[in-house]
file input10.cif (mmCIF, C-alpha atoms)
data_target
loop_
_atom_site.group_PDB
_atom_site.id
_atom_site.type_symbol
_atom_site.label_atom_id
_atom_site.label_comp_id
_atom_site.auth_asym_id
_atom_site.auth_seq_id
_atom_site.Cartn_x
_atom_site.Cartn_y
_atom_site.Cartn_z
ATOM 1 C CA MET A 1 95.693 94.597 160.264
ATOM 2 C CA GLU A 2 92.731 93.901 158.001
ATOM 3 C CA GLN A 3 93.408 91.516 155.133
ATOM 4 C CA THR A 4 92.119 92.563 151.717
ATOM 5 C CA LEU A 5 89.796 89.967 150.210
ATOM 6 C CA LEU A 6 88.633 91.695 147.010
ATOM 7 C CA ARG A 7 90.552 94.208 144.900
ATOM 8 C CA VAL A 8 88.726 95.803 141.997
ATOM 9 C CA GLU A 9 91.218 97.686 139.812
ATOM 10 C CA GLY A 10 90.365 99.913 136.860
ATOM 11 C CA LEU A 11 87.179 97.988 136.077
ATOM 12 C CA SER A 12 85.288 99.257 133.014
ATOM 13 C CA THR A 13 82.202 97.761 131.381
ATOM 14 C CA VAL A 14 80.822 98.909 128.037
ATOM 15 C CA PHE A 15 77.588 98.150 126.181
ATOM 16 C CA GLU A 16 77.773 98.118 122.400
ATOM 17 C CA THR A 17 74.712 99.820 120.871
ATOM 18 C CA PRO A 18 73.739 101.153 117.433
ATOM 19 C CA ALA A 19 74.478 104.625 118.805
ATOM 20 C CA GLY A 20 77.979 103.578 119.846
ATOM 21 C CA PRO A 21 79.586 102.177 123.018
ATOM 22 C CA LEU A 22 78.022 103.199 126.344
ATOM 23 C CA THR A 23 80.220 103.037 129.439
ATOM 24 C CA ALA A 24 78.250 101.681 132.404
ATOM 25 C CA VAL A 25 81.228 101.147 134.735
ATOM 26 C CA ASP A 26 84.078 103.587 134.285
ATOM 27 C CA GLY A 27 87.479 102.693 135.763
ATOM 28 C CA VAL A 28 86.285 101.689 139.245
ATOM 29 C CA ASP A 29 88.824 100.885 141.977
ATOM 30 C CA LEU A 30 87.471 99.320 145.173
ATOM 31 C CA THR A 31 88.615 97.033 147.979
ATOM 32 C CA VAL A 32 86.746 94.852 150.455
ATOM 33 C CA SER A 33 88.509 93.354 153.480
ATOM 34 C CA ARG A 34 87.715 89.968 154.994
ATOM 35 C CA GLY A 35 84.636 90.203 157.208
ATOM 36 C CA GLU A 36 83.923 93.794 156.130
ATOM 37 C CA VAL A 37 80.604 95.233 154.899
ATOM 38 C CA VAL A 38 81.054 97.772 152.092
ATOM 39 C CA ALA A 39 77.948 99.548 150.780
ATOM 40 C CA VAL A 40 77.785 100.830 147.192
ATOM 41 C CA VAL A 41 75.219 103.650 146.994
ATOM 42 C CA GLY A 42 73.810 106.086 144.454
ATOM 43 C CA GLU A 43 70.656 106.845 142.496
ATOM 44 C CA SER A 44 69.119 104.322 140.127
ATOM 45 C CA GLY A 45 71.101 104.244 136.890
ATOM 46 C CA CYS A 46 74.469 105.099 138.464
ATOM 47 C CA GLY A 47 76.043 101.716 137.695
ATOM 48 C CA LYS A 48 75.811 99.963 141.067
ATOM 49 C CA THR A 49 74.262 96.726 139.836
ATOM 50 C CA MET A 50 76.464 96.622 136.750
ATOM 51 C CA LEU A 51 79.542 96.939 138.973
ATOM 52 C CA ALA A 52 78.338 93.991 141.048
ATOM 53 C CA LEU A 53 77.677 91.868 137.964
ATOM 54 C CA SER A 54 81.017 92.843 136.428
ATOM 55 C CA ILE A 55 82.973 91.664 139.473
ATOM 56 C CA LEU A 56 81.682 88.120 138.948
ATOM 57 C CA GLY A 57 81.811 88.233 135.154
ATOM 58 C CA LEU A 58 78.016 88.172 134.826
ATOM 59 C CA VAL A 59 77.571 91.131 132.469
ATOM 60 C CA PRO A 60 74.646 90.410 130.121
ATOM 61 C CA PRO A 61 75.117 90.905 126.362
ATOM 62 C CA PRO A 62 75.663 93.216 124.578
ATOM 63 C CA GLY A 63 77.790 94.333 127.525
ATOM 64 C CA ARG A 64 81.419 93.395 127.919
ATOM 65 C CA ILE A 65 84.229 94.117 130.347
ATOM 66 C CA VAL A 66 86.860 96.101 128.456
ATOM 67 C CA SER A 67 89.489 96.599 131.154
ATOM 68 C CA GLY A 68 90.355 96.007 134.770
ATOM 69 C CA ARG A 69 90.668 93.202 137.286
ATOM 70 C CA ALA A 70 88.572 91.735 140.095
ATOM 71 C CA VAL A 71 91.013 89.879 142.338
ATOM 72 C CA LEU A 72 89.428 87.603 144.954
ATOM 73 C CA GLY A 73 92.172 86.525 147.329
ATOM 74 C CA ASP A 74 94.931 85.852 144.811
ATOM 75 C CA THR A 75 92.646 84.959 141.885
ATOM 76 C CA ASP A 76 91.700 87.417 139.149
ATOM 77 C CA VAL A 77 88.154 86.236 138.527
ATOM 78 C CA LEU A 78 87.896 88.082 135.217
ATOM 79 C CA ALA A 79 91.058 86.464 133.821
ATOM 80 C CA LEU A 80 89.664 82.955 134.281
ATOM 81 C CA PRO A 81 87.978 81.014 131.479
ATOM 82 C CA GLU A 82 84.223 80.749 131.993
ATOM 83 C CA SER A 83 84.419 77.121 133.141
ATOM 84 C CA GLN A 84 86.751 78.061 136.006
ATOM 85 C CA ARG A 85 84.791 81.218 136.773
ATOM 86 C CA ARG A 86 81.725 79.056 137.441
ATOM 87 C CA GLN A 87 83.736 77.222 140.093
ATOM 88 C CA VAL A 88 84.329 80.527 141.880
ATOM 89 C CA ARG A 89 80.684 81.601 141.764
ATOM 90 C CA GLY A 90 78.645 79.985 144.499
ATOM 91 C CA LYS A 91 81.680 78.513 146.247
ATOM 92 C CA ARG A 92 84.042 81.409 146.950
ATOM 93 C CA ALA A 93 81.722 84.270 145.963
ATOM 94 C CA SER A 94 77.929 84.352 145.888
ATOM 95 C CA MET A 95 75.315 86.900 144.870
ATOM 96 C CA ILE A 96 71.830 87.728 146.097
ATOM 97 C CA PHE A 97 69.954 89.254 143.185
ATOM 98 C CA GLN A 98 67.567 92.174 143.406
ATOM 99 C CA GLU A 99 64.303 90.362 142.637
ATOM 100 C CA PRO A 100 64.083 86.792 143.975
ATOM 101 C CA MET A 101 60.977 85.946 141.958
ATOM 102 C CA THR A 102 62.933 86.333 138.725
ATOM 103 C CA ALA A 103 66.232 85.006 140.131
ATOM 104 C CA LEU A 104 64.678 81.718 141.297
ATOM 105 C CA ASN A 105 63.782 79.077 138.708
ATOM 106 C CA PRO A 106 59.964 78.826 138.613
ATOM 107 C CA VAL A 107 59.938 75.164 137.506
ATOM 108 C CA LEU A 108 62.311 73.783 140.148
ATOM 109 C CA THR A 109 61.413 73.190 143.781
ATOM 110 C CA ILE A 110 62.973 75.262 146.538
ATOM 111 C CA GLY A 111 64.824 72.189 147.796
ATOM 112 C CA GLU A 112 66.434 71.501 144.411
ATOM 113 C CA GLN A 113 67.627 75.096 144.099
ATOM 114 C CA VAL A 114 69.033 75.441 147.608
ATOM 115 C CA ALA A 115 70.738 72.042 147.388
ATOM 116 C CA GLU A 116 72.317 72.707 143.979
ATOM 117 C CA PRO A 117 75.511 74.449 145.246
ATOM 118 C CA LEU A 118 76.391 71.410 147.356
ATOM 119 C CA ARG A 119 75.887 69.018 144.466
ATOM 120 C CA VAL A 120 77.776 71.166 141.953
ATOM 121 C CA HIS A 121 80.690 72.342 144.098
ATOM 122 C CA ALA A 122 80.994 69.690 146.836
ATOM 123 C CA GLY A 123 79.846 66.578 144.975
ATOM 124 C CA ALA A 124 77.204 65.780 147.592
ATOM 125 C CA SER A 125 74.528 63.205 146.866
ATOM 126 C CA ARG A 126 70.928 64.265 146.353
ATOM 127 C CA ARG A 127 69.967 62.969 149.807
ATOM 128 C CA GLU A 128 72.894 64.709 151.527
ATOM 129 C CA SER A 129 72.325 67.986 149.727
ATOM 130 C CA LEU A 130 68.575 68.045 150.443
ATOM 131 C CA ALA A 131 69.232 67.346 154.133
ATOM 132 C CA ALA A 132 71.711 70.236 154.218
ATOM 133 C CA ALA A 133 69.207 72.431 152.354
ATOM 134 C CA GLU A 134 66.534 71.670 154.944
ATOM 135 C CA ALA A 135 68.938 72.595 157.741
ATOM 136 C CA MET A 136 69.861 75.843 155.971
ATOM 137 C CA LEU A 137 66.212 76.781 155.438
ATOM 138 C CA ALA A 138 65.699 76.301 159.153
ATOM 139 C CA ARG A 139 68.652 78.623 159.841
ATOM 140 C CA VAL A 140 67.161 81.370 157.702
ATOM 141 C CA GLY A 141 63.914 81.155 159.638
ATOM 142 C CA LEU A 142 61.531 79.480 157.197
ATOM 143 C CA PRO A 143 58.775 77.621 159.100
ATOM 144 C CA ASP A 144 58.452 73.870 158.519
ATOM 145 C CA PRO A 145 61.596 73.709 156.336
ATOM 146 C CA GLY A 146 61.025 70.090 155.364
ATOM 147 C CA ARG A 147 57.731 71.051 153.735
ATOM 148 C CA GLN A 148 59.326 74.060 152.017
ATOM 149 C CA LEU A 149 61.713 71.780 150.123
ATOM 150 C CA GLY A 150 58.913 70.611 147.862
ATOM 151 C CA ARG A 151 57.340 74.008 147.233
ATOM 152 C CA TYR A 152 57.859 76.268 144.227
ATOM 153 C CA PRO A 153 58.878 79.969 144.276
ATOM 154 C CA HIS A 154 55.383 81.248 143.449
ATOM 155 C CA GLU A 155 54.035 79.528 146.585
ATOM 156 C CA LEU A 156 56.213 81.659 148.884
ATOM 157 C CA SER A 157 55.885 85.286 149.967
ATOM 158 C CA GLY A 158 58.451 87.905 148.978
ATOM 159 C CA GLY A 159 60.166 87.720 152.359
ATOM 160 C CA GLN A 160 60.277 83.924 152.221
ATOM 161 C CA ARG A 161 61.769 83.980 148.721
ATOM 162 C CA GLN A 162 64.424 86.397 149.919
ATOM 163 C CA ARG A 163 65.289 84.014 152.761
ATOM 164 C CA VAL A 164 65.650 81.236 150.186
ATOM 165 C CA MET A 165 68.059 83.415 148.187
ATOM 166 C CA ILE A 166 70.142 84.022 151.323
ATOM 167 C CA ALA A 167 70.172 80.286 152.062
ATOM 168 C CA MET A 168 71.401 79.539 148.521
ATOM 169 C CA ALA A 169 74.059 82.250 148.613
ATOM 170 C CA LEU A 170 75.511 81.187 151.969
ATOM 171 C CA MET A 171 75.156 77.427 151.528
ATOM 172 C CA LEU A 172 78.899 76.922 151.041
ATOM 173 C CA ARG A 173 80.068 79.703 153.406
ATOM 174 C CA PRO A 174 81.584 81.866 150.632
ATOM 175 C CA GLU A 175 84.354 84.368 151.268
ATOM 176 C CA LEU A 176 82.399 87.157 149.541
ATOM 177 C CA LEU A 177 78.663 87.853 149.343
ATOM 178 C CA ILE A 178 77.413 90.448 146.853
ATOM 179 C CA ALA A 179 73.880 91.558 147.799
ATOM 180 C CA ASP A 180 72.095 93.644 145.171
ATOM 181 C CA GLU A 181 69.227 95.598 146.767
ATOM 182 C CA PRO A 182 68.300 92.547 148.895
ATOM 183 C CA THR A 183 65.331 94.246 150.619
ATOM 184 C CA THR A 184 63.908 96.570 147.941
ATOM 185 C CA ALA A 185 60.499 94.904 147.505
ATOM 186 C CA LEU A 186 59.912 94.176 151.203
ATOM 187 C CA ASP A 187 58.055 96.140 153.864
ATOM 188 C CA VAL A 188 60.088 97.802 156.603
ATOM 189 C CA THR A 189 59.549 95.110 159.245
ATOM 190 C CA VAL A 190 60.559 92.245 156.948
ATOM 191 C CA GLN A 191 63.431 94.371 155.587
ATOM 192 C CA GLY A 192 64.920 94.632 159.069
ATOM 193 C CA GLN A 193 64.573 90.901 159.651
ATOM 194 C CA ILE A 194 66.226 90.019 156.333
ATOM 195 C CA LEU A 195 69.164 92.383 156.888
ATOM 196 C CA ALA A 196 69.760 91.086 160.409
ATOM 197 C CA LEU A 197 69.587 87.504 159.178
ATOM 198 C CA MET A 198 71.990 88.121 156.303
ATOM 199 C CA LEU A 199 74.517 89.891 158.534
ATOM 200 C CA ASP A 200 74.335 87.266 161.300
ATOM 201 C CA LEU A 201 74.846 84.373 158.904
ATOM 202 C CA ALA A 202 77.680 86.176 157.118
ATOM 203 C CA ARG A 203 79.440 86.913 160.409
ATOM 204 C CA ASP A 204 79.130 83.273 161.455
ATOM 205 C CA ALA A 205 80.816 82.247 158.203
ATOM 206 C CA GLY A 206 83.386 85.087 158.216
ATOM 207 C CA THR A 207 81.949 86.308 154.917
ATOM 208 C CA ALA A 208 82.605 89.819 153.596
ATOM 209 C CA ILE A 209 79.630 91.653 152.070
ATOM 210 C CA LEU A 210 79.431 94.070 149.152
ATOM 211 C CA LEU A 211 75.973 95.603 149.627
ATOM 212 C CA VAL A 212 74.416 97.420 146.668
ATOM 213 C CA THR A 213 71.640 99.761 147.827
ATOM 214 C CA HIS A 214 70.054 103.179 147.412
ATOM 215 C CA ASN A 215 68.773 103.112 151.014
ATOM 216 C CA LEU A 216 71.081 105.204 153.182
ATOM 217 C CA GLY A 217 69.219 104.082 156.311
ATOM 218 C CA VAL A 218 70.299 100.527 155.559
ATOM 219 C CA VAL A 219 73.858 101.761 155.017
ATOM 220 C CA ALA A 220 73.940 103.477 158.426
ATOM 221 C CA GLN A 221 72.781 100.288 160.142
ATOM 222 C CA THR A 222 74.950 97.733 158.389
ATOM 223 C CA ALA A 223 78.043 99.065 156.606
ATOM 224 C CA ASP A 224 81.634 99.639 157.689
ATOM 225 C CA ARG A 225 82.518 101.676 154.595
ATOM 226 C CA VAL A 226 80.584 103.499 151.888
ATOM 227 C CA ALA A 227 81.393 103.798 148.180
ATOM 228 C CA VAL A 228 79.301 106.340 146.249
ATOM 229 C CA MET A 229 78.795 105.869 142.499
ATOM 230 C CA TYR A 230 77.615 108.412 139.955
ATOM 231 C CA ALA A 231 77.302 107.846 136.187
ATOM 232 C CA GLY A 232 79.529 104.776 136.318
ATOM 233 C CA ARG A 233 82.317 106.368 138.364
ATOM 234 C CA LEU A 234 83.232 105.987 142.024
ATOM 235 C CA VAL A 235 83.002 109.549 143.364
ATOM 236 C CA GLU A 236 83.559 109.025 147.084
ATOM 237 C CA GLU A 237 84.790 106.338 149.453
ATOM 238 C CA ALA A 238 84.776 106.749 153.239
ATOM 239 C CA ALA A 239 84.237 105.033 156.572
ATOM 240 C CA VAL A 240 80.529 104.992 157.350
ATOM 241 C CA ASP A 241 80.756 107.298 160.394
ATOM 242 C CA ALA A 242 82.843 109.873 158.525
ATOM 243 C CA PHE A 243 80.465 109.722 155.564
ATOM 244 C CA PHE A 244 77.377 110.549 157.594
ATOM 245 C CA GLN A 245 79.143 113.181 159.700
ATOM 246 C CA GLY A 246 80.586 115.055 156.739
ATOM 247 C CA PRO A 247 80.345 113.711 153.181
ATOM 248 C CA ALA A 248 83.097 115.112 150.968
ATOM 249 C CA HIS A 249 81.526 115.074 147.501
ATOM 250 C CA PRO A 250 78.690 117.483 146.562
ATOM 251 C CA TYR A 251 76.696 114.546 145.208
ATOM 252 C CA SER A 252 77.013 112.693 148.524
ATOM 253 C CA ARG A 253 75.912 115.805 150.385
ATOM 254 C CA GLY A 254 72.926 116.066 148.057
ATOM 255 C CA LEU A 255 71.916 112.467 148.762
ATOM 256 C CA LEU A 256 71.991 113.039 152.509
ATOM 257 C CA ALA A 257 70.148 116.369 152.269
ATOM 258 C CA SER A 258 67.297 114.667 150.410
ATOM 259 C CA LEU A 259 66.537 112.331 153.333
ATOM 260 C CA PRO A 260 63.789 113.016 155.896
ATOM 261 C CA ARG A 261 65.095 113.493 159.438
ATOM 262 C CA LEU A 262 63.419 112.602 162.718
ATOM 263 C CA ASP A 263 65.272 115.406 164.522
ATOM 264 C CA ALA A 264 63.890 118.053 162.130
ATOM 265 C CA PRO A 265 60.127 117.500 161.787
ATOM 266 C CA GLY A 266 58.514 119.712 159.190
ATOM 267 C CA ARG A 267 61.809 120.427 157.436
ATOM 268 C CA ARG A 268 61.428 120.546 153.657
ATOM 269 C CA LEU A 269 63.460 117.975 151.778
ATOM 270 C CA THR A 270 66.153 119.248 149.434
ATOM 271 C CA PRO A 271 66.269 117.077 146.327
ATOM 272 C CA VAL A 272 69.332 116.810 144.133
ATOM 273 C CA PRO A 273 68.381 118.952 141.103
ATOM 274 C CA GLY A 274 68.117 117.345 137.683
ATOM 275 C CA MET A 275 68.448 113.706 136.718
ATOM 276 C CA VAL A 276 71.188 111.112 136.356
ATOM 277 C CA PRO A 277 72.501 111.651 132.804
ATOM 278 C CA SER A 278 71.939 109.116 130.058
ATOM 279 C CA LEU A 279 74.990 107.005 129.224
ATOM 280 C CA SER A 280 74.596 108.199 125.640
ATOM 281 C CA ALA A 281 74.904 111.859 126.656
ATOM 282 C CA LEU A 282 77.341 112.034 129.548
ATOM 283 C CA PRO A 283 78.589 115.528 130.440
ATOM 284 C CA THR A 284 82.243 116.320 129.862
ATOM 285 C CA GLY A 285 84.623 116.672 132.788
ATOM 286 C CA CYS A 286 82.984 115.777 136.082
ATOM 287 C CA HIS A 287 79.750 113.996 135.156
ATOM 288 C CA PHE A 288 77.982 115.645 138.106
ATOM 289 C CA HIS A 289 78.879 119.252 137.296
ATOM 290 C CA PRO A 290 75.559 120.215 135.555
ATOM 291 C CA ARG A 291 73.701 119.340 138.790
ATOM 292 C CA CYS A 292 76.292 120.736 141.200
ATOM 293 C CA GLY A 293 75.828 124.047 142.979
ATOM 294 C CA GLN A 294 79.573 124.276 143.676
ATOM 295 C CA ALA A 295 80.863 123.691 140.145
ATOM 296 C CA PHE A 296 83.637 126.017 138.968
ATOM 297 C CA ALA A 297 86.029 126.394 136.043
ATOM 298 C CA PRO A 298 87.800 122.982 135.893
ATOM 299 C CA CYS A 299 84.659 120.898 136.476
ATOM 300 C CA ALA A 300 83.177 121.087 132.974
ATOM 301 C CA ASP A 301 86.406 120.300 131.115
ATOM 302 C CA ASN A 302 88.569 117.967 133.180
ATOM 303 C CA PRO A 303 87.502 114.705 134.874
ATOM 304 C CA PRO A 304 88.775 114.910 138.452
ATOM 305 C CA PRO A 305 90.876 112.095 139.902
ATOM 306 C CA LEU A 306 90.160 110.559 143.288
ATOM 307 C CA PHE A 307 91.771 112.860 145.858
ATOM 308 C CA ASP A 308 92.873 111.485 149.229
ATOM 309 C CA LEU A 309 91.077 113.200 152.117
ATOM 310 C CA PRO A 310 92.860 114.332 155.318
ATOM 311 C CA GLY A 311 90.694 112.178 157.573
ATOM 312 C CA GLY A 312 90.871 109.128 155.331
ATOM 313 C CA GLY A 313 88.804 108.150 152.327
ATOM 314 C CA GLN A 314 88.746 109.673 148.844
ATOM 315 C CA ALA A 315 86.605 112.042 146.783
ATOM 316 C CA ARG A 316 86.504 112.616 143.015
ATOM 317 C CA CYS A 317 86.018 116.389 143.148
ATOM 318 C CA TRP A 318 88.131 119.394 142.199
ATOM 319 C CA LEU A 319 87.116 121.091 145.468
ATOM 320 C CA HIS A 320 89.646 118.794 147.152
ATOM 321 C CA GLY A 321 92.396 119.390 144.613
ATOM 322 C CA ALA A 322 93.790 122.594 146.072
#

call {"tool": "encode", "arguments": {"input": "input10.cif", "output": "structure tokens"}}
result
Amino acid sequence: MEQTLLRVEGLSTVFETPAGPLTAVDGVDLTVSRGEVVAVVGESGCGKTMLALSILGLVPPPGRIVSGRAVLGDTDVLALPESQRRQVRGKRASMIFQEPMTALNPVLTIGEQVAEPLRVHAGASRRESLAAAEAMLARVGLPDPGRQLGRYPHELSGGQRQRVMIAMALMLRPELLIADEPTTALDVTVQGQILALMLDLARDAGTAILLVTHNLGVVAQTADRVAVMYAGRLVEEAAVDAFFQGPAHPYSRGLLASLPRLDAPGRRLTPVPGMVPSLSALPTGCHFHPRCGQAFAPCADNPPPLFDLPGGGQARCWLHGA
């Protein structure tokens, strides 16, 4: 039986603005088992990155977590004081950020940044940590890793910087890796290499992965389960095979219908109509109902709960409430 590593329960994150509070993450429940890859998908602006940041207590001001828990093993990360939370980050849970050029410190060498987790969390000496950093850079496929130790982020290509981020995140073999759009800025060939590298290293360490992405092709190749977010809410959760064979939520079906298909050349793409709503003007009831071709009476007035599906998984849609 799979052992649950991460339990996110009722997690809500709000940003205080002059126009009032804006809810970016709205009561999300999610689990990740040890060694599992769970993909969080949805359009830009649906709350995927904010969910990832909230789990580790990294919400930037003026945002704040107003409710919920993020339990890693038996530790509620969000209940810890910041000093103890820092001990969890990097050691038990790590994050690969979306843009490595801004995530890496431009005035520190690659070696100093990759070695830092060992010095901070394991008390290693500078010599020991740099030797381990060189070995890790070799594992992630950087050529001449000894020379790379003394280089700065701007001297590396995008793919090389991403490899450095993976090396940093997996330096201490964390239990959980949160990867936020880890291949967005890379070409397709390098994207495939980076994903394969990240998955191989995580499997070697027994690390579970929470993968934030809008690329459903990446999801099909890498994930065990899929969690779909829309306007801050989790609207569907399913095993990856079941999701691609028959998504349960109209929004999920719209995402899949908008993809080009190799088995249907010349087929016109079917975009999801409309736009993701602004957090300052969220629709009542089901947030997706103004864009949904299957909306009916309850959708505009009552937010649907997550309904259990017969084949497993859940969907937040009144179509499954009968």

call {"tool": "resolve_selection", "arguments": {"input": "input10.cif", "expression": "the PyMOL selection byres ((chain A and resi 79-85) around 9)", "output": "PyMOL selection string"}}
result
chain A and resi 56-57+69-70+75-78+86-89

call {"tool": "resolve_selection", "arguments": {"input": "input10.cif", "expression": "the PyMOL selection byres ((chain A and resi 210) around 6)", "output": "VMD selection string"}}
result
chain A and resid 37 to 39 178 209 211

call {"tool": "residues_around", "arguments": {"input": "input10.cif", "residues": "Cys292 of chain A", "least_positions_apart": "2", "cutoff": "10 Å", "atoms": "only C-alpha atoms", "output": "VMD selection string"}}
result
chain A and resid 249 to 251 254 272 to 274 286 to 290 294 to 296 299

call {"tool": "resolve_selection", "arguments": {"input": "input10.cif", "expression": "the PyMOL selection byres ((chain A and resi 203) around 12)", "output": "mmCIF file with C-alpha atoms, in the coordinates of the input"}}
result
data_model
loop_
_atom_site.group_PDB
_atom_site.id
_atom_site.type_symbol
_atom_site.label_atom_id
_atom_site.label_comp_id
_atom_site.auth_asym_id
_atom_site.auth_seq_id
_atom_site.Cartn_x
_atom_site.Cartn_y
_atom_site.Cartn_z
ATOM 1 C CA ARG A 34 87.715 89.968 154.994
ATOM 2 C CA GLY A 35 84.636 90.203 157.208
ATOM 3 C CA GLU A 36 83.923 93.794 156.130
ATOM 4 C CA VAL A 37 80.604 95.233 154.899
ATOM 5 C CA LEU A 170 75.511 81.187 151.969
ATOM 6 C CA ARG A 173 80.068 79.703 153.406
ATOM 7 C CA PRO A 174 81.584 81.866 150.632
ATOM 8 C CA GLU A 175 84.354 84.368 151.268
ATOM 9 C CA LEU A 176 82.399 87.157 149.541
ATOM 10 C CA LEU A 177 78.663 87.853 149.343
ATOM 11 C CA ALA A 196 69.760 91.086 160.409
ATOM 12 C CA LEU A 197 69.587 87.504 159.178
ATOM 13 C CA MET A 198 71.990 88.121 156.303
ATOM 14 C CA LEU A 199 74.517 89.891 158.534
ATOM 15 C CA ASP A 200 74.335 87.266 161.300
ATOM 16 C CA LEU A 201 74.846 84.373 158.904
ATOM 17 C CA ALA A 202 77.680 86.176 157.118
ATOM 18 C CA ASP A 204 79.130 83.273 161.455
ATOM 19 C CA ALA A 205 80.816 82.247 158.203
ATOM 20 C CA GLY A 206 83.386 85.087 158.216
ATOM 21 C CA THR A 207 81.949 86.308 154.917
ATOM 22 C CA ALA A 208 82.605 89.819 153.596
ATOM 23 C CA ILE A 209 79.630 91.653 152.070
ATOM 24 C CA THR A 222 74.950 97.733 158.389
#

call {"tool": "residues_around", "arguments": {"input": "input10.cif", "residues": "Val240 of chain A", "least_positions_apart": "3", "cutoff": "8 Å", "atoms": "all atoms listed in the file", "output": "list in words"}}
result
Val219, Ala220, Ala223, Asp224, Arg225, Val226, Phe243 and Phe244 of chain A

call {"tool": "write_last_selection", "arguments": {"input": "input10.cif", "atoms": "C-alpha atoms", "output": "compact mmCIF listing (two decimals), in the frame of the given file"}}
result
# COMPACT_ATOMS: atom_id res chain seq x y z
CA VAL A 219 73.86 101.76 155.02
CA ALA A 220 73.94 103.48 158.43
CA ALA A 223 78.04 99.06 156.61
CA ASP A 224 81.63 99.64 157.69
CA ARG A 225 82.52 101.68 154.60
CA VAL A 226 80.58 103.50 151.89
CA PHE A 243 80.46 109.72 155.56
CA PHE A 244 77.38 110.55 157.59

call {"tool": "closest_residue", "arguments": {"input": "input10.cif", "among": "A:Gln245, A:Thr213, A:Arg7, A:Gln314", "to": "Asp74 of chain A", "atoms": "all atoms listed in the file"}}
result
A:Arg7

call {"tool": "atom_distance", "arguments": {"input": "input10.cif", "atom1": "atom CA of Gly285 of chain A", "atom2": "atom CA of Ala19 of chain A"}}
result
21.1 Å

call {"tool": "atom_distance", "arguments": {"input": "input10.cif", "atom1": "atom CA of Thr284 of chain A", "atom2": "atom CA of Leu319 of chain A"}}
result
17.0 Å

call {"tool": "residues_around", "arguments": {"input": "input10.cif", "residues": "Glu9 of chain A", "least_positions_apart": "6", "cutoff": "12 Å", "atoms": "all atoms listed in the file", "output": "list in words"}}
result
Val25, Asp26, Gly27, Val28, Asp29, Leu30, Thr31, Val32, Leu51, Ser54, Ile55, Ser67, Gly68, Arg69, Ala70, Val71, Leu72, Asp76, Val77, Leu78 and Leu234 of chain A

call {"tool": "residues_around", "arguments": {"input": "input10.cif", "residues": "Pro143 of chain A", "least_positions_apart": "5", "cutoff": "12 Å", "atoms": "only C-alpha atoms", "output": "number ranges by chain"}}
result
A: 134-138, 148-149, 156, 160, 163-164

call {"tool": "residues_near_point", "arguments": {"input": "input10.cif", "point": "(88.5, 114.7, 136.5)", "cutoff": "8 Å", "atoms": "only C-alpha atoms", "output": "PDB file with C-alpha atoms, in the frame of the given file"}}
result
ATOM      1  CA  GLY A 285      84.623 116.672 132.788  1.00  0.00           C
ATOM      2  CA  CYS A 286      82.984 115.777 136.082  1.00  0.00           C
ATOM      3  CA  CYS A 299      84.659 120.898 136.476  1.00  0.00           C
ATOM      4  CA  ASN A 302      88.569 117.967 133.180  1.00  0.00           C
ATOM      5  CA  PRO A 303      87.502 114.705 134.874  1.00  0.00           C
ATOM      6  CA  PRO A 304      88.775 114.910 138.452  1.00  0.00           C
ATOM      7  CA  PRO A 305      90.876 112.095 139.902  1.00  0.00           C
ATOM      8  CA  ARG A 316      86.504 112.616 143.015  1.00  0.00           C
ATOM      9  CA  CYS A 317      86.018 116.389 143.148  1.00  0.00           C
ATOM     10  CA  TRP A 318      88.131 119.394 142.199  1.00  0.00           C
TER      11      TRP A 318
END

call {"tool": "residues_around", "arguments": {"input": "input10.cif", "residues": "segment 60-62 of chain A", "least_positions_apart": "2", "cutoff": "7 Å", "atoms": "only C-alpha atoms", "output": "list in words"}}
result
Phe15, Glu16, Leu58 and Arg64 of chain A

call {"tool": "closest_residue", "arguments": {"input": "input10.cif", "among": "A:Ile194, A:Leu142, A:Met229, A:Met95", "to": "Val276 of chain A", "atoms": "all atoms listed in the file"}}
result
A:Met229

call {"tool": "closest_residue", "arguments": {"input": "input10.cif", "among": "A:Val228, A:Ala169, A:Ala239, A:Leu279", "to": "Leu256 of chain A", "atoms": "all atoms listed in the file"}}
result
A:Val228

call {"tool": "closest_atom_pairs", "arguments": {"input": "input10.cif", "of": "segment 132-236 of chain A", "to": "segment 97-103 of chain A", "cutoff": "12 Å", "atoms": "only C-alpha atoms", "output": "Markdown table"}}
result
| residue | atom | partner | partner_atom | distance |
| --- | --- | --- | --- | --- |
| A:Tyr152 | CA | A:Met101 | CA | 10.4 |
| A:Pro153 | CA | A:Met101 | CA | 6.7 |
| A:His154 | CA | A:Met101 | CA | 7.5 |
| A:Glu155 | CA | A:Met101 | CA | 10.5 |
| A:Leu156 | CA | A:Met101 | CA | 9.4 |
| A:Ser157 | CA | A:Met101 | CA | 9.5 |
| A:Gly158 | CA | A:Pro100 | CA | 7.6 |
| A:Gly159 | CA | A:Pro100 | CA | 9.3 |
| A:Gln160 | CA | A:Pro100 | CA | 9.5 |
| A:Arg161 | CA | A:Pro100 | CA | 6.0 |
| A:Gln162 | CA | A:Pro100 | CA | 6.0 |
| A:Arg163 | CA | A:Pro100 | CA | 9.3 |
| A:Val164 | CA | A:Pro100 | CA | 8.5 |
| A:Met165 | CA | A:Pro100 | CA | 6.7 |
| A:Ile166 | CA | A:Phe97 | CA | 9.7 |
| A:Met168 | CA | A:Phe97 | CA | 11.2 |
| A:Ala169 | CA | A:Phe97 | CA | 9.8 |
| A:Leu177 | CA | A:Phe97 | CA | 10.8 |
| A:Ile178 | CA | A:Phe97 | CA | 8.4 |
| A:Ala179 | CA | A:Phe97 | CA | 6.5 |
| A:Asp180 | CA | A:Gln98 | CA | 5.1 |
| A:Glu181 | CA | A:Gln98 | CA | 5.1 |
| A:Pro182 | CA | A:Gln98 | CA | 5.6 |
| A:Thr183 | CA | A:Gln98 | CA | 7.8 |
| A:Thr184 | CA | A:Gln98 | CA | 7.3 |
| A:Ala185 | CA | A:Glu99 | CA | 7.7 |
| A:Leu186 | CA | A:Glu99 | CA | 10.4 |
| A:Leu211 | CA | A:Phe97 | CA | 10.9 |
| A:Val212 | CA | A:Gln98 | CA | 9.2 |
| A:Thr213 | CA | A:Gln98 | CA | 9.7 |
| A:His214 | CA | A:Gln98 | CA | 12.0 |
